[in-house]
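*Asks:* Before we start, here is the structure in question, set down as structure tokens.
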Amino acid sequence: AGRTVQWLRDNLKIIKEAPEVEQHALSVQDTGGVTLVPAFSGLFAPYWREDARAVAVGMTLYTRKEHLCRAALEAVAFSTVDVMEAMKRDTGKSLGNMHVDGGMTANNFLMQLQANLLGVDVLRARMPEATVLGAAFAAGLAVGFYKDIKDIKGILEKAGGWESFPSKMLVEERNKEYIRWKDAVQRSLDLQKFEAQAQKQLDRAAAEKKAQATPAVQETKFQKETASQPVLEERQVSTGCSFW
């Protein structure tokens, strides 16, 4: 998730700081028809396709950096939906509310978008960097330091609890948006083969260039070795004639 925003900042340089992506995303009503699949190193869960590559589908002359920023945040949310849908299929159960923490949860637009696309409430911990804290709680439960998970919930509530982002998107609209994402994902598959083809073309061009340059180099070397021979022969003939 964070890598996509870093790509906007470090590679495209359309933002200077990560928080700017939210400002740009909010400045437009939608992505302008753009769907970004950030498969820079392939697609991971639940697709597991290393042959996939990043694509931006639907760009036009109307597309601006604001649309790309919004599409990037959409991609983060859609990727989470993919994982949640896979969990539903594997467990056969409908999942409840989604608890989130971490750096990107500071993005209010992303949190609301995530709730809309999931169709569940997203609960953001008021203590955003809670990953290590969660590991400590899990260890405490395992060794009996905490008797019940209710004890942990009580601690979290005292620490500030959660901020809720309820889903505000209709089911029909949510399904339509997800179909758009799945279509773009399919377009990203099997693109690695073009990298191999491009490399073969580069290797072939280099080999042809080397083959064309080799005879010229050999001829130049031969000329250097034999350049003085005609001059010597001419002098010998000339000297002989003068004796006669």
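Naming scheme: A, B, ... for chains in displayed order of the structure tokens; residues 1 onward per chain; ligands 1 onward as shown.
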Please provide as a PyMOL selection string all residues within 9 Å of region 26-29 of chain A, with the sequence filter that same-chain residues fewer than 5 positions apart are discarded (counting only C-alpha atoms).

*Replies:* chain A and resi 21+66-67+70+109

*Asks:* Mind listing the strand (DSSP E) residues of region 143-212 of chain A, per DSSP on the backbone, as a list in words?

*Replies:*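 Filtering region 143-212 of chain A down to strand (DSSP E) leaves Trp162, Glu163, Ser164 and Phe165 of chain A.
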
*Asks:* Extract, using only C-alpha atoms, all DNA, RNA and protein residues at most 7 Å from Asp190 (chain A), discarding same-chain residues fewer than 3 positions from it, and format them as a ChimeraX atom specification.

*Replies:* /A:51-52,193

*Asks:* Could you state the separation of CA of Val5 (chain A) and CA of Ala18 (chain A) in Å, given to one decimal place?

*Replies:* 6.4 Å

*Asks:* Would you please work out which residue, of A:Gln114, A:Gln186, A:Asn175, A:Thr131, is nearest to Leu73 (chain A) when using only C-alpha atoms?

*Replies:*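 Residue with the minimum atom-to-atom distance to Leu73 (chain A): A:Gln114.
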
*Asks:* Looking only at the backbone, which of the residues in region 115-191 of chain A does DSSP tag as helix (DSSP H, G or I), as a ChimeraX atom specification?

*Replies:* /A:115-118,131-143,149-158,171-188

*Asks:* Could you list, as a list in words, every residue within 8 Å of Ser188 (chain A), counting only C-alpha atoms and ignoring same-chain residues fewer than 6 positions away?

*Replies:*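 So, after excluding close chain neighbours, the residues are Val37, Ala39, Ala52, Arg53, Ala54 and Val55 of chain A.
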
*Asks:* Give the answer as one residue: which of A:Leu191, A:Leu117, A:Leu123, A:Ala207 has the shortest atom-to-atom distance to Arg174 (chain A), using only C-alpha atoms?

*Replies:*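 Smallest distance to Arg174 (chain A) is found for A:Leu117.
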
*Asks:* Enter the distance from CA of Ile15 (chain A) to CA of Ala184 (chain A), in Å, rounded to one decimal.

*Replies:*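 If I compute the distance from CA of Ile15 (chain A) to CA of Ala184 (chain A), I get 24.3 Å.
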
*Asks:* Need the shell around Val57 (chain A): protein/DNA/RNA residues with any atom at most 12 Å away, counting only C-alpha atoms. Skip same-chain ones fewer than 4 positions apart. Format as a list in words?

*Replies:*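 Contacts, in chain order: Thr31, Gly32, Gly33, Val34, Thr35, Leu36, Val37, Pro38, Thr63, His67, Leu68, Ala71, Ala72, Ala75, Arg180, Trp181, Lys182, Asp183, Ala184, Val185, Gln186, Arg187 and Ser188 of chain A.
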
*Asks:* Keeping only C-alpha atoms, write the selected residues as a short mmCIF file (atom, residue, chain, number, x, y, z; two decimals), in the first residue's frame.

*Replies:*
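Dumped everything to out_23.cif:
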```cif
data_model
loop_
_atom_site.label_atom_id
_atom_site.label_comp_id
_atom_site.auth_asym_id
_atom_site.auth_seq_id
_atom_site.Cartn_x
_atom_site.Cartn_y
_atom_site.Cartn_z
CA THR A 31 -10.60 9.09 -11.04
CA GLY A 32 -11.72 10.35 -14.43
CA GLY A 33 -12.13 6.75 -15.59
CA VAL A 34 -8.60 5.72 -14.54
CA THR A 35 -8.02 2.42 -12.76
CA LEU A 36 -4.52 1.77 -11.47
CA VAL A 37 -3.26 -1.74 -10.72
CA PRO A 38 0.10 -1.29 -8.95
CA THR A 63 -6.27 12.73 -16.98
CA HIS A 67 -6.86 11.46 -10.94
CA LEU A 68 -3.76 9.29 -10.60
CA ALA A 71 -6.72 5.94 -8.49
CA ALA A 72 -3.68 4.98 -6.40
CA ALA A 75 -6.01 0.51 -5.71
CA ARG A 180 -14.13 -2.17 -12.97
CA TRP A 181 -11.21 -3.17 -10.72
CA LYS A 182 -11.37 -6.85 -11.69
CA ASP A 183 -11.34 -5.90 -15.37
CA ALA A 184 -8.18 -3.85 -14.88
CA VAL A 185 -6.55 -6.69 -12.94
CA GLN A 186 -7.10 -9.04 -15.87
CA ARG A 187 -5.39 -6.55 -18.16
CA SER A 188 -2.29 -6.60 -15.94
#
```

*Asks:* Can you pull out every residue within 12 Å of Met104 (chain A), counting only C-alpha atoms, but drop anything in the same chain fewer than 2 positions away, and send it as a list in words?

*Replies:*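 Non-adjacent residues within range: Ala1, Gly2, Arg3, Thr4, Val5, Gln6, Ala18, Pro19, Val21, Glu22, Leu73, Val76, Ala77, Val100, Asp101, Gly102, Ala106, Asn107, Asn108, Phe109, Leu110, Met111, Gln114, Arg124, Ala125, Pro128 and Glu129 of chain A.
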
*Asks:* Generate the output file for the selected residues, N, CA and C atoms, as a PDB file, in the first residue's frame.

*Replies:*
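What follows is the written file out_10.pdb:
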```pdb
ATOM      1  N   ALA A   1       0.828  -1.199   0.000  1.00  0.00           N
ATOM      2  CA  ALA A   1       0.000   0.000   0.000  1.00  0.00           C
ATOM      3  C   ALA A   1       0.868   1.256   0.000  1.00  0.00           C
ATOM      4  N   GLY A   2       1.779   1.316   0.962  1.00  0.00           N
ATOM      5  CA  GLY A   2       2.642   2.475   1.055  1.00  0.00           C
ATOM      6  C   GLY A   2       3.554   2.631  -0.145  1.00  0.00           C
ATOM      7  N   ARG A   3       3.935   1.508  -0.752  1.00  0.00           N
ATOM      8  CA  ARG A   3       4.845   1.554  -1.906  1.00  0.00           C
ATOM      9  C   ARG A   3       4.207   2.282  -3.086  1.00  0.00           C
ATOM     10  N   THR A   4       2.903   2.178  -3.230  1.00  0.00           N
ATOM     11  CA  THR A   4       2.222   2.857  -4.334  1.00  0.00           C
ATOM     12  C   THR A   4       2.325   4.373  -4.172  1.00  0.00           C
ATOM     13  N   VAL A   5       2.137   4.851  -2.956  1.00  0.00           N
ATOM     14  CA  VAL A   5       2.259   6.285  -2.693  1.00  0.00           C
ATOM     15  C   VAL A   5       3.710   6.729  -2.861  1.00  0.00           C
ATOM     16  N   GLN A   6       4.647   5.892  -2.449  1.00  0.00           N
ATOM     17  CA  GLN A   6       6.065   6.199  -2.644  1.00  0.00           C
ATOM     18  C   GLN A   6       6.393   6.320  -4.130  1.00  0.00           C
ATOM     19  N   ALA A  18       3.962  12.357   1.308  1.00  0.00           N
ATOM     20  CA  ALA A  18       2.887  11.365   1.218  1.00  0.00           C
ATOM     21  C   ALA A  18       1.500  11.921   1.546  1.00  0.00           C
ATOM     22  N   PRO A  19       1.349  12.783   2.566  1.00  0.00           N
ATOM     23  CA  PRO A  19       0.006  13.299   2.873  1.00  0.00           C
ATOM     24  C   PRO A  19      -0.650  14.077   1.743  1.00  0.00           C
ATOM     25  N   VAL A  21      -1.162  13.186  -1.174  1.00  0.00           N
ATOM     26  CA  VAL A  21      -1.972  12.342  -2.050  1.00  0.00           C
ATOM     27  C   VAL A  21      -3.453  12.447  -1.692  1.00  0.00           C
ATOM     28  N   GLU A  22      -3.758  12.613  -0.403  1.00  0.00           N
ATOM     29  CA  GLU A  22      -5.151  12.766   0.011  1.00  0.00           C
ATOM     30  C   GLU A  22      -5.732  14.082  -0.491  1.00  0.00           C
ATOM     31  N   LEU A  73      -5.036   5.490  -4.436  1.00  0.00           N
ATOM     32  CA  LEU A  73      -5.691   5.163  -3.166  1.00  0.00           C
ATOM     33  C   LEU A  73      -6.805   4.140  -3.377  1.00  0.00           C
ATOM     34  N   VAL A  76      -5.286   0.695  -3.404  1.00  0.00           N
ATOM     35  CA  VAL A  76      -5.003   0.187  -2.057  1.00  0.00           C
ATOM     36  C   VAL A  76      -6.265  -0.422  -1.455  1.00  0.00           C
ATOM     37  N   ALA A  77      -7.375   0.289  -1.584  1.00  0.00           N
ATOM     38  CA  ALA A  77      -8.644  -0.189  -1.020  1.00  0.00           C
ATOM     39  C   ALA A  77      -9.146  -1.437  -1.743  1.00  0.00           C
ATOM     40  N   VAL A 100      -8.333  -1.234  11.786  1.00  0.00           N
ATOM     41  CA  VAL A 100      -7.124  -0.847  11.047  1.00  0.00           C
ATOM     42  C   VAL A 100      -6.210   0.000  11.921  1.00  0.00           C
ATOM     43  N   ASP A 101      -4.924  -0.058  11.605  1.00  0.00           N
ATOM     44  CA  ASP A 101      -3.937   0.823  12.220  1.00  0.00           C
ATOM     45  C   ASP A 101      -2.768   0.935  11.259  1.00  0.00           C
ATOM     46  N   GLY A 102      -1.818   1.782  11.576  1.00  0.00           N
ATOM     47  CA  GLY A 102      -0.664   1.976  10.700  1.00  0.00           C
ATOM     48  C   GLY A 102      -0.651   3.361  10.087  1.00  0.00           C
ATOM     49  N   ALA A 106      -3.983   7.292   8.638  1.00  0.00           N
ATOM     50  CA  ALA A 106      -4.150   8.729   8.878  1.00  0.00           C
ATOM     51  C   ALA A 106      -4.879   9.395   7.717  1.00  0.00           C
ATOM     52  N   ASN A 107      -4.989   8.692   6.599  1.00  0.00           N
ATOM     53  CA  ASN A 107      -5.658   9.209   5.414  1.00  0.00           C
ATOM     54  C   ASN A 107      -7.172   8.984   5.558  1.00  0.00           C
ATOM     55  N   ASN A 108      -7.894  10.035   5.884  1.00  0.00           N
ATOM     56  CA  ASN A 108      -9.339   9.923   6.107  1.00  0.00           C
ATOM     57  C   ASN A 108     -10.084   9.505   4.841  1.00  0.00           C
ATOM     58  N   PHE A 109      -9.649  10.036   3.700  1.00  0.00           N
ATOM     59  CA  PHE A 109     -10.302   9.666   2.442  1.00  0.00           C
ATOM     60  C   PHE A 109     -10.178   8.176   2.191  1.00  0.00           C
ATOM     61  N   LEU A 110      -8.992   7.620   2.412  1.00  0.00           N
ATOM     62  CA  LEU A 110      -8.780   6.193   2.204  1.00  0.00           C
ATOM     63  C   LEU A 110      -9.625   5.361   3.154  1.00  0.00           C
ATOM     64  N   MET A 111      -9.745   5.799   4.394  1.00  0.00           N
ATOM     65  CA  MET A 111     -10.535   5.043   5.367  1.00  0.00           C
ATOM     66  C   MET A 111     -12.010   4.992   4.963  1.00  0.00           C
ATOM     67  N   GLN A 114     -12.334   2.801   1.899  1.00  0.00           N
ATOM     68  CA  GLN A 114     -12.227   1.387   2.266  1.00  0.00           C
ATOM     69  C   GLN A 114     -13.538   0.865   2.833  1.00  0.00           C
ATOM     70  N   ARG A 124     -10.777   2.724  12.998  1.00  0.00           N
ATOM     71  CA  ARG A 124      -9.381   3.134  13.076  1.00  0.00           C
ATOM     72  C   ARG A 124      -8.970   3.354  14.526  1.00  0.00           C
ATOM     73  N   ALA A 125      -7.913   2.672  14.929  1.00  0.00           N
ATOM     74  CA  ALA A 125      -7.420   2.830  16.289  1.00  0.00           C
ATOM     75  C   ALA A 125      -6.912   4.250  16.496  1.00  0.00           C
ATOM     76  N   PRO A 128      -2.526   4.896  16.301  1.00  0.00           N
ATOM     77  CA  PRO A 128      -2.364   4.386  14.933  1.00  0.00           C
ATOM     78  C   PRO A 128      -1.295   3.318  14.760  1.00  0.00           C
ATOM     79  N   GLU A 129      -0.146   3.456  15.411  1.00  0.00           N
ATOM     80  CA  GLU A 129       0.924   2.464  15.252  1.00  0.00           C
ATOM     81  C   GLU A 129       0.751   1.373  16.300  1.00  0.00           C
TER      82      GLU A 129
END
```

*Asks:* If we count only C-alpha atoms, what is near Ile152 (chain A) at a cut-off of 10 Å, once residues fewer than 4 positions away on the same chain are taken out, given as a list in words?

*Replies:*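 My list of contacting residues is Gly134, Phe137, Ala138, Gly140, Leu141, Tyr146, Lys147, Asp148, Leu156, Glu157 and Lys158 of chain A.
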
*Asks:* Please produce an output containing N, CA, C and O atoms for each residue in the selection, written as a PDB file, in the first residue's frame.

*Replies:*
```pdb
ATOM      1  N   GLY A 134      -0.246  -4.862  19.432  1.00  0.00           N
ATOM      2  CA  GLY A 134      -1.075  -6.049  19.227  1.00  0.00           C
ATOM      3  C   GLY A 134      -0.293  -7.330  19.447  1.00  0.00           C
ATOM      4  O   GLY A 134      -0.823  -8.298  20.020  1.00  0.00           O
ATOM      5  N   PHE A 137       0.005  -7.834  23.146  1.00  0.00           N
ATOM      6  CA  PHE A 137      -1.255  -8.330  23.709  1.00  0.00           C
ATOM      7  C   PHE A 137      -1.442  -9.824  23.422  1.00  0.00           C
ATOM      8  O   PHE A 137      -1.878 -10.595  24.284  1.00  0.00           O
ATOM      9  N   ALA A 138      -1.114 -10.228  22.179  1.00  0.00           N
ATOM     10  CA  ALA A 138      -1.250 -11.640  21.813  1.00  0.00           C
ATOM     11  C   ALA A 138      -0.339 -12.515  22.669  1.00  0.00           C
ATOM     12  O   ALA A 138      -0.740 -13.603  23.131  1.00  0.00           O
ATOM     13  N   GLY A 140       0.738 -11.746  25.644  1.00  0.00           N
ATOM     14  CA  GLY A 140       0.200 -11.723  27.002  1.00  0.00           C
ATOM     15  C   GLY A 140      -0.950 -12.698  27.190  1.00  0.00           C
ATOM     16  O   GLY A 140      -1.062 -13.360  28.236  1.00  0.00           O
ATOM     17  N   LEU A 141      -1.801 -12.814  26.168  1.00  0.00           N
ATOM     18  CA  LEU A 141      -2.892 -13.792  26.226  1.00  0.00           C
ATOM     19  C   LEU A 141      -2.361 -15.219  26.230  1.00  0.00           C
ATOM     20  O   LEU A 141      -2.859 -16.097  26.939  1.00  0.00           O
ATOM     21  N   TYR A 146      -2.830 -11.833  30.456  1.00  0.00           N
ATOM     22  CA  TYR A 146      -4.202 -11.332  30.389  1.00  0.00           C
ATOM     23  C   TYR A 146      -5.130 -12.528  30.450  1.00  0.00           C
ATOM     24  O   TYR A 146      -4.935 -13.522  29.739  1.00  0.00           O
ATOM     25  N   LYS A 147      -6.146 -12.456  31.286  1.00  0.00           N
ATOM     26  CA  LYS A 147      -7.046 -13.586  31.465  1.00  0.00           C
ATOM     27  C   LYS A 147      -8.049 -13.718  30.324  1.00  0.00           C
ATOM     28  O   LYS A 147      -8.464 -14.834  29.983  1.00  0.00           O
ATOM     29  N   ASP A 148      -8.459 -12.578  29.767  1.00  0.00           N
ATOM     30  CA  ASP A 148      -9.506 -12.610  28.748  1.00  0.00           C
ATOM     31  C   ASP A 148      -9.291 -11.472  27.761  1.00  0.00           C
ATOM     32  O   ASP A 148      -8.700 -10.449  28.111  1.00  0.00           O
ATOM     33  N   LEU A 156      -7.640  -0.853  25.444  1.00  0.00           N
ATOM     34  CA  LEU A 156      -7.693  -0.079  24.209  1.00  0.00           C
ATOM     35  C   LEU A 156      -8.717   1.056  24.302  1.00  0.00           C
ATOM     36  O   LEU A 156      -8.490   2.157  23.793  1.00  0.00           O
ATOM     37  N   GLU A 157      -9.837   0.778  24.948  1.00  0.00           N
ATOM     38  CA  GLU A 157     -10.852   1.816  25.100  1.00  0.00           C
ATOM     39  C   GLU A 157     -10.334   2.959  25.961  1.00  0.00           C
ATOM     40  O   GLU A 157     -10.592   4.138  25.687  1.00  0.00           O
ATOM     41  N   LYS A 158      -9.576   2.621  26.996  1.00  0.00           N
ATOM     42  CA  LYS A 158      -8.993   3.658  27.846  1.00  0.00           C
ATOM     43  C   LYS A 158      -7.923   4.444  27.088  1.00  0.00           C
ATOM     44  O   LYS A 158      -7.685   5.615  27.376  1.00  0.00           O
TER      45      LYS A 158
END
```

*Asks:* So how many Å separate CA of Gln192 (chain A) and CA of Glu50 (chain A), to one decimal?

*Replies:*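 Separation of CA of Gln192 (chain A) and CA of Glu50 (chain A): 8.0 Å.
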